[in-house]
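Q: Dropping the structure in here first, questions after.
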2 protein chains.
Amino acid sequence: MTSLRDVAERAGVAVSTASAALNGTRPVAAATRRRVERAAAELGYRPNLLARGLQSKRTRILALLFPAPRSGFGLTEMQFATGAAEAAGELGYHLLLSPESADPIEELRHLTGLGLVDGVLLMEVGLDDERTAFLAESGVPFAMIGRTREPGGIDHADIDFAATADAAVAHVAGLGHRKLAFFNLAEDTHAARYGPAIRAGAEFERAAKEAGLAYVGGYRPGSAEDGGKAFEDLIDAHPDVTALAVMDDHAAAGVIAAVARHGRRIPEDLTLLLVLSSARVAGMFHPRLTTLEPPSTELGRLGARMLIGRLQDESQGGPRARLLPCRLVVGDSSAPPREGGTW
Amino acid sequence: MTSLRDVAERAGVAVSTASAALNGTRPVAAATRRRVERAAAELGYRPNLLARGLQSKRTRILALLFPAPRSGFGLTEMQFATGAAEAAGELGYHLLLSPESADPIEELRHLTGLGLVDGVLLMEVGLDDERTAFLAESGVPFAMIGRTREPGGIDHADIDFAATADAAVAHVAGLGHRKLAFFNLAEDTHAARYGPAIRAGAEFERAAKEAGLAYVGGYRPGSAEDGGKAFEDLIDAHPDVTALAVMDDHAAAGVIAAVARHGRRIPEDLTLLLVLSSARVAGMFHPRLTTLEPPSTELGRLGARMLIGRLQDESQGGPRARLLPCRLVVGDSSAPPREGGTW
DNA sequence: TTGTAGGCGTTATCAT
DNA sequence: ATGATAACGCCTACAA
């Protein structure tokens with residue numbers, strides 16, 4: 001390990017001068033600076049992050065609190081992590097992947113007590129999340145990917161459910177549909193997901209009504225089987241439905257199977273939208289489903305950037321909130337409704 | 001931040017004694033130890049990891065080199081990460097998520113030069129991976145999830161492709177099938193995946209032959225469309241094939257669609273196996289596919305444990321290699337072959 | 001403009 | 001068994 005001392009010796013200056021030359025933290029003669037820089041380069045010098053952190057009380061390490069993978073977990077969550085790690089890296093920070101245990105609060109207490117991280121990034125934030133209270137109270141800088149019911153003064157990056165619903169509804173309405181059904185996430189979905197479920201449900205209903213579409217909600221199938229059943233119920237009660245937006249991948253699979261059982265086809269007899277899933281997943285369906293793809297990587301990036309921004313600039317203004325809409329990726333499951341066709 | 005000094009003061013001992021009492025690094029009178037422990041507990045003392053690391057030259061931080069998410073990326077890779085993070089946490093280590101940039105070597109040089117990490121965990125290891133050479137040369141402890149062509153002296157945890165193929169073949173043969181086809185990963189798959197492709201292909205062929213099954217290989221569809229085409233080609237050349245194992249999720253989707261186009265059914269007319277994919281993904285297909293699910297979380301855990309083991313015990317023996325088979329999860333796509341049926 | 005000295009929190013060494 | 005002291009590598013005064 002080559003230290004600053006080695007560099008200083010080689011450049012024939014004092015350690016503090018070498019430090020200043022490298023960090024620009026105080027005026028240094030141009031010639032001296034060049035000598036130091038050359039010495040550093042020749043020695044392949046890298047400042048020791050531990051020493052720097054010990055001194056400066058800032059480690060430039062962020063922790064990402066990562067929930068244990070469970071059903072419904074996948075690409076999106078991974079993109080949060082990689083996005084955050086990337087953005088952190090670009091700003092000279094590192095990201096610690098901190099899997100959440102049974103007792104997240106104790107976990108947090110431990111993690112922040114170590115003095116290892118400058119701030120914490122929360123994901124899978126519940127509508128009422130005890131972690132936010134703890135962090136706020138203990139004064140640890142943090143930001144959320146997602147948001148609590150009342151994000152109030154907390155920095156966060158989340159999906160813009162209103163804009164997402166508007167885009168979906170506009171797509172469907174533009175094709176000529178007059179009635180839209182919505183299958184929400186299952187009730188027993190992890191509480192953390194409840195936020196997205198609540199918001200998406202509310203916004204789809206609002207958007208549909210604003211666009212003059214009839215709207216059918218209330219279904220929450222959480223598996224392929226449930227999806228099929230929900231679809232049967234739906235067409236039973238609403239035989240005139242021609243468009244359906246589904247939040248759960250498995251439920252969508254069940255819907256597709258059910259449509260086939262009826263001898264009907266997608267998109268001719270039903271326009272099917274997959275909400276909050278990736279185009280990659282959509283490509284596994286036949287036909288390839290139209291998707292509203294969450295900007296997960298970007299949300300991860302934003303979260304990290306917000307947190308770092310706050311760490312670096314204490315005087316930063318009020319809390320930042322960034323909401324990003326899902327991207328509409330039109331697949332082969334979108335088409336105008338069949339004339340006069342009913343189930 | 002309460003420091004060891006505070007604890008020592010409160011316990012009425014010297015800092016070094018407090019340290020010793022807490023770490024058991026030298027004999028301490030039982031009474032003294034208790035006083036110190038009580039003081040520490042009362043103050044909520046946590047040792048500062050940076051200071052400790054600076055002094056001991058060991059940070060107890062591992063870096064996981066994480067490739068940028070690309071097509072074909074998903075649950076498996078995330079499970080490597082979470083598994084590794086979990087296992088590390090259990091052993092008192094932390095995991096740094098280090099996304100790989102365009103220049104992995106430079107990235108590694110940077111990362112290891114910082115003195116921030118004790119060791120590196122590699123994933124998505126290619127058959128010939130330049131990173132291993134660099135790490136070996138620079139003396140940084142590391143382990144692989146996956147393996148190079150010749151893992152030689154490098155610790156690694158990987159899938160046991162031989163046992164996986166045996167299990168798949170036994171399952172198929174047990175149902176009465178006499179001929180097995182295999183769709184490998186697409187050729188243009190990221191080089192890192194090439195290892196799994198090579199090994200799986202070779203082992204399926206071997207296992208089939210050993211079990212007395214006819215074997216058809218050589219197909220490498222990388223998309224739903226390709227999967228459909230490959231299936232057409234397959235039944236054209238081998239109308240008597242009754243069982244098919246597919247490595248690519250999208251290709252499997254294409255096969256399913258193609259079977260349906262022929263007015264045939266799964267599993268009555270074709271037993272379909274999804275290799276190296278999760279049961280979760282399999283559940284999105286209809287019917288639910290039989291899967292050979294990689295033990296990704298466990299591989300991540302093993303990788304971390306191996307690395308930590310080596311860090312803690314220099315005198316550890318030769319390189320450790322752990323190969324774990326995929327788990328066979330029987331779905332609704334497995335059935336005995338139809339008597340005398342051909343395509 | 002540059003060098004010296006002190007300290008960040010911890011552990012290791014050396015006395016006592 | 002315990003206490004003082006010196007590092008670890010860096011940065012920030014302060015002095016020159």
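Residues are referred to by chain and number: the chain letter is A, B, ... according to the order shown in the structure tokens, the number counts from 1 in that chain, and ligands are numbered separately from 1 in the order shown.
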Give me the residues within 10 Å of Ala252 of chain A as a PyMOL selection string, counting only C-alpha atoms (C1' of nucleotides) and dropping any in the same chain fewer than 2 places off.
A: (chain A and resi 183+221-228+231+244-250+254-258+272-275+282+285+289) or (chain B and resi 284)
Q: Could you please write out, as a ChimeraX atom specification, every residue of segment 198-325 of chain A that DSSP assigns to helix (DSSP H, G or I)?
A: /A:198-210,224-237,249-261,279-282,296-312
Q: Write a file of the just-selected residues containing C-alpha atoms, as a PDB file, in the first residue's frame.
A:
ATOM      1  CA  ILE A 198     -53.124   2.012  -3.536  1.00  0.00           C
ATOM      2  CA  ARG A 199     -51.780   4.730  -5.764  1.00  0.00           C
ATOM      3  CA  ALA A 200     -52.071   2.838  -9.005  1.00  0.00           C
ATOM      4  CA  GLY A 201     -55.591   1.747  -8.218  1.00  0.00           C
ATOM      5  CA  ALA A 202     -56.706   5.243  -7.382  1.00  0.00           C
ATOM      6  CA  GLU A 203     -55.004   6.853 -10.344  1.00  0.00           C
ATOM      7  CA  PHE A 204     -56.267   4.384 -12.919  1.00  0.00           C
ATOM      8  CA  GLU A 205     -59.781   4.988 -11.717  1.00  0.00           C
ATOM      9  CA  ARG A 206     -59.341   8.736 -11.812  1.00  0.00           C
ATOM     10  CA  ALA A 207     -57.674   8.728 -15.212  1.00  0.00           C
ATOM     11  CA  ALA A 208     -60.317   6.488 -16.723  1.00  0.00           C
ATOM     12  CA  LYS A 209     -63.110   8.672 -15.460  1.00  0.00           C
ATOM     13  CA  GLU A 210     -61.423  11.838 -16.597  1.00  0.00           C
ATOM     14  CA  ALA A 224     -52.235 -17.284 -12.477  1.00  0.00           C
ATOM     15  CA  GLU A 225     -55.142 -19.209 -11.121  1.00  0.00           C
ATOM     16  CA  ASP A 226     -56.581 -16.163  -9.396  1.00  0.00           C
ATOM     17  CA  GLY A 227     -56.044 -14.168 -12.550  1.00  0.00           C
ATOM     18  CA  GLY A 228     -58.091 -16.626 -14.540  1.00  0.00           C
ATOM     19  CA  LYS A 229     -60.857 -16.629 -12.001  1.00  0.00           C
ATOM     20  CA  ALA A 230     -60.892 -12.868 -11.732  1.00  0.00           C
ATOM     21  CA  PHE A 231     -61.196 -12.664 -15.465  1.00  0.00           C
ATOM     22  CA  GLU A 232     -64.164 -15.035 -15.478  1.00  0.00           C
ATOM     23  CA  ASP A 233     -65.809 -12.934 -12.816  1.00  0.00           C
ATOM     24  CA  LEU A 234     -65.048  -9.810 -14.746  1.00  0.00           C
ATOM     25  CA  ILE A 235     -66.600 -10.854 -18.040  1.00  0.00           C
ATOM     26  CA  ASP A 236     -69.496 -12.327 -16.181  1.00  0.00           C
ATOM     27  CA  ALA A 237     -70.284  -9.011 -14.564  1.00  0.00           C
ATOM     28  CA  ASP A 249     -47.278 -10.889 -13.969  1.00  0.00           C
ATOM     29  CA  HIS A 250     -48.730 -14.154 -12.851  1.00  0.00           C
ATOM     30  CA  ALA A 251     -52.270 -12.864 -12.917  1.00  0.00           C
ATOM     31  CA  ALA A 252     -51.688 -11.702 -16.473  1.00  0.00           C
ATOM     32  CA  ALA A 253     -50.628 -15.210 -17.401  1.00  0.00           C
ATOM     33  CA  GLY A 254     -53.858 -16.509 -15.946  1.00  0.00           C
ATOM     34  CA  VAL A 255     -55.884 -13.992 -17.919  1.00  0.00           C
ATOM     35  CA  ILE A 256     -54.210 -15.020 -21.133  1.00  0.00           C
ATOM     36  CA  ALA A 257     -54.979 -18.649 -20.479  1.00  0.00           C
ATOM     37  CA  ALA A 258     -58.586 -17.828 -19.643  1.00  0.00           C
ATOM     38  CA  VAL A 259     -59.033 -15.873 -22.844  1.00  0.00           C
ATOM     39  CA  ALA A 260     -57.710 -18.834 -24.776  1.00  0.00           C
ATOM     40  CA  ARG A 261     -60.099 -21.167 -22.988  1.00  0.00           C
ATOM     41  CA  ALA A 279     -40.664  -5.364 -21.370  1.00  0.00           C
ATOM     42  CA  ARG A 280     -38.417  -8.333 -20.826  1.00  0.00           C
ATOM     43  CA  VAL A 281     -41.108 -10.125 -18.895  1.00  0.00           C
ATOM     44  CA  ALA A 282     -43.712  -9.019 -21.386  1.00  0.00           C
ATOM     45  CA  SER A 296     -36.414   1.448 -12.028  1.00  0.00           C
ATOM     46  CA  THR A 297     -32.824   2.080 -12.911  1.00  0.00           C
ATOM     47  CA  GLU A 298     -33.480   5.770 -13.140  1.00  0.00           C
ATOM     48  CA  LEU A 299     -35.278   5.776  -9.816  1.00  0.00           C
ATOM     49  CA  GLY A 300     -32.306   4.079  -8.230  1.00  0.00           C
ATOM     50  CA  ARG A 301     -30.020   6.647  -9.766  1.00  0.00           C
ATOM     51  CA  LEU A 302     -32.186   9.506  -8.611  1.00  0.00           C
ATOM     52  CA  GLY A 303     -32.403   8.181  -5.103  1.00  0.00           C
ATOM     53  CA  ALA A 304     -28.645   7.947  -4.819  1.00  0.00           C
ATOM     54  CA  ARG A 305     -28.140  11.351  -6.332  1.00  0.00           C
ATOM     55  CA  MET A 306     -30.601  12.989  -4.002  1.00  0.00           C
ATOM     56  CA  LEU A 307     -28.980  11.454  -0.999  1.00  0.00           C
ATOM     57  CA  ILE A 308     -25.504  12.417  -2.093  1.00  0.00           C
ATOM     58  CA  GLY A 309     -26.676  15.896  -2.937  1.00  0.00           C
ATOM     59  CA  ARG A 310     -27.951  16.318   0.538  1.00  0.00           C
ATOM     60  CA  LEU A 311     -24.778  14.941   2.041  1.00  0.00           C
ATOM     61  CA  GLN A 312     -22.642  17.341   0.142  1.00  0.00           C
TER      62      GLN A 312
END
Q: Using only C-alpha atoms (C1' of nucleotides), I'd like every residue of chain C that has an atom within 7 Å of chain B; please write them out as a list in words.
A: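 Here is what falls inside 7 Å: DG9, DT10 and DT11 of chain C.
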Q: Can you list every residue in segment 116-167 of chain B that DSSP puts in strand (DSSP E), as a list of chain:residue names?
A: B:Gly119, B:Val120, B:Leu121, B:Leu122, B:Phe142, B:Ala143, B:Met144, B:Ile145, B:His156, B:Ala157, B:Asp158, B:Ile159
Q: Could you list the residues in chain D lying within 12 Å of chain B, using only C-alpha atoms (C1' of nucleotides), and format the result as a PyMOL selection string?
A: chain D and resi 1-10
Q: Keeping only N, CA and C atoms (P, O5', C5', C4', C3', O3' and C1' of nucleotides), take the residues you just selected and write them out as a PDB file, in the first residue's frame.
A:
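Listing of selection-v4.pdb after writing:
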ATOM      1  P    DA D   1      -4.683 -12.116  34.229  1.00  0.00           P
ATOM      2  O5'  DA D   1      -4.652 -10.649  34.882  1.00  0.00           O
ATOM      3  C5'  DA D   1      -5.366 -10.367  36.059  1.00  0.00           C
ATOM      4  C4'  DA D   1      -5.321  -8.883  36.267  1.00  0.00           C
ATOM      5  C3'  DA D   1      -6.163  -8.071  35.281  1.00  0.00           C
ATOM      6  O3'  DA D   1      -6.710  -6.956  35.981  1.00  0.00           O
ATOM      7  C1'  DA D   1      -3.891  -7.462  35.044  1.00  0.00           C
ATOM      8  P    DT D   2      -7.724  -5.977  35.314  1.00  0.00           P
ATOM      9  O5'  DT D   2      -6.791  -4.804  34.818  1.00  0.00           O
ATOM     10  C5'  DT D   2      -6.330  -3.862  35.778  1.00  0.00           C
ATOM     11  C4'  DT D   2      -5.263  -2.992  35.155  1.00  0.00           C
ATOM     12  C3'  DT D   2      -5.768  -2.001  34.107  1.00  0.00           C
ATOM     13  O3'  DT D   2      -5.848  -0.738  34.747  1.00  0.00           O
ATOM     14  C1'  DT D   2      -3.622  -2.905  33.600  1.00  0.00           C
ATOM     15  P    DG D   3      -6.554   0.477  34.029  1.00  0.00           P
ATOM     16  O5'  DG D   3      -5.255   1.310  33.605  1.00  0.00           O
ATOM     17  C5'  DG D   3      -4.171   1.350  34.500  1.00  0.00           C
ATOM     18  C4'  DG D   3      -3.019   2.129  33.896  1.00  0.00           C
ATOM     19  C3'  DG D   3      -3.426   3.241  32.929  1.00  0.00           C
ATOM     20  O3'  DG D   3      -2.590   4.370  33.150  1.00  0.00           O
ATOM     21  C1'  DG D   3      -2.031   1.686  31.801  1.00  0.00           C
ATOM     22  P    DA D   4      -2.877   5.767  32.471  1.00  0.00           P
ATOM     23  O5'  DA D   4      -1.673   5.831  31.429  1.00  0.00           O
ATOM     24  C5'  DA D   4      -0.360   6.080  31.932  1.00  0.00           C
ATOM     25  C4'  DA D   4       0.671   5.844  30.849  1.00  0.00           C
ATOM     26  C3'  DA D   4       0.647   6.881  29.722  1.00  0.00           C
ATOM     27  O3'  DA D   4       1.992   7.268  29.475  1.00  0.00           O
ATOM     28  C1'  DA D   4       0.495   4.709  28.817  1.00  0.00           C
ATOM     29  P    DT D   5       2.329   8.386  28.409  1.00  0.00           P
ATOM     30  O5'  DT D   5       2.507   7.516  27.090  1.00  0.00           O
ATOM     31  C5'  DT D   5       3.472   6.465  27.092  1.00  0.00           C
ATOM     32  C4'  DT D   5       3.694   5.969  25.670  1.00  0.00           C
ATOM     33  C3'  DT D   5       3.509   7.036  24.583  1.00  0.00           C
ATOM     34  O3'  DT D   5       4.495   6.823  23.600  1.00  0.00           O
ATOM     35  C1'  DT D   5       2.092   5.238  24.132  1.00  0.00           C
ATOM     36  P    DA D   6       4.726   7.918  22.498  1.00  0.00           P
ATOM     37  O5'  DA D   6       4.779   6.968  21.230  1.00  0.00           O
ATOM     38  C5'  DA D   6       5.410   5.684  21.341  1.00  0.00           C
ATOM     39  C4'  DA D   6       4.900   4.773  20.238  1.00  0.00           C
ATOM     40  C3'  DA D   6       4.827   5.429  18.851  1.00  0.00           C
ATOM     41  O3'  DA D   6       5.206   4.461  17.901  1.00  0.00           O
ATOM     42  C1'  DA D   6       2.717   4.629  19.442  1.00  0.00           C
ATOM     43  P    DA D   7       5.717   4.888  16.486  1.00  0.00           P
ATOM     44  O5'  DA D   7       4.443   5.710  15.930  1.00  0.00           O
ATOM     45  C5'  DA D   7       3.994   5.499  14.623  1.00  0.00           C
ATOM     46  C4'  DA D   7       3.278   4.160  14.490  1.00  0.00           C
ATOM     47  C3'  DA D   7       2.381   4.132  13.272  1.00  0.00           C
ATOM     48  O3'  DA D   7       2.821   3.101  12.410  1.00  0.00           O
ATOM     49  C1'  DA D   7       1.139   3.649  15.286  1.00  0.00           C
ATOM     50  P    DC D   8       2.820   3.428  10.858  1.00  0.00           P
ATOM     51  O5'  DC D   8       1.362   3.052  10.344  1.00  0.00           O
ATOM     52  C5'  DC D   8       0.762   1.781  10.516  1.00  0.00           C
ATOM     53  C4'  DC D   8      -0.715   1.892  10.187  1.00  0.00           C
ATOM     54  C3'  DC D   8      -1.000   2.947   9.109  1.00  0.00           C
ATOM     55  O3'  DC D   8      -1.110   2.294   7.857  1.00  0.00           O
ATOM     56  C1'  DC D   8      -2.555   3.063  10.969  1.00  0.00           C
ATOM     57  P    DG D   9      -0.256   2.889   6.645  1.00  0.00           P
ATOM     58  O5'  DG D   9      -1.137   4.136   6.180  1.00  0.00           O
ATOM     59  C5'  DG D   9      -2.425   3.908   5.639  1.00  0.00           C
ATOM     60  C4'  DG D   9      -3.128   5.234   5.483  1.00  0.00           C
ATOM     61  C3'  DG D   9      -2.349   6.260   4.668  1.00  0.00           C
ATOM     62  O3'  DG D   9      -3.193   6.716   3.634  1.00  0.00           O
ATOM     63  C1'  DG D   9      -3.067   7.198   6.717  1.00  0.00           C
ATOM     64  P    DC D  10      -2.863   7.928   2.710  1.00  0.00           P
ATOM     65  O5'  DC D  10      -3.688   9.082   3.406  1.00  0.00           O
ATOM     66  C5'  DC D  10      -5.112   9.030   3.386  1.00  0.00           C
ATOM     67  C4'  DC D  10      -5.670  10.071   4.308  1.00  0.00           C
ATOM     68  C3'  DC D  10      -5.406  11.510   3.865  1.00  0.00           C
ATOM     69  O3'  DC D  10      -6.601  11.984   3.244  1.00  0.00           O
ATOM     70  C1'  DC D  10      -5.111  11.215   6.227  1.00  0.00           C
TER      71       DC D  10
END
Q: To one decimal place, how far is atom CA of His94 of chain B from atom CA of Gly195 of chain B in Å?
A: 28.5 Å
Q: Give the answer as one residue: which of A:Gly83, A:Gly126, A:Gly217, A:Gly318 has the shortest atom-to-atom distance to chain B, using only C-alpha atoms?
A: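 Closest to chain B, using only C-alpha atoms: A:Gly83.
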Q: Neighbouring residues of Leu97 of chain B were defined as those with any atom within 9 Å, considering only C-alpha atoms (C1' of nucleotides); residues of the same chain fewer than 6 positions away were excluded. Please report them as a PyMOL selection string.
A: (chain A and resi 81-82+85+94-97) or (chain B and resi 62-66+81)
Q: Just checking: using only C-alpha atoms, which residue out of A:Arg34, A:Arg327, A:His262, A:Arg288 ends up closest to chain B?
A: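 Closest to chain B of all the choices is A:Arg288.
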Q: In Å, how far is it from atom CA of Pro67 of chain B to atom CA of Pro99 of chain B?
A: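 Interatomic distance here is 5.8 Å.
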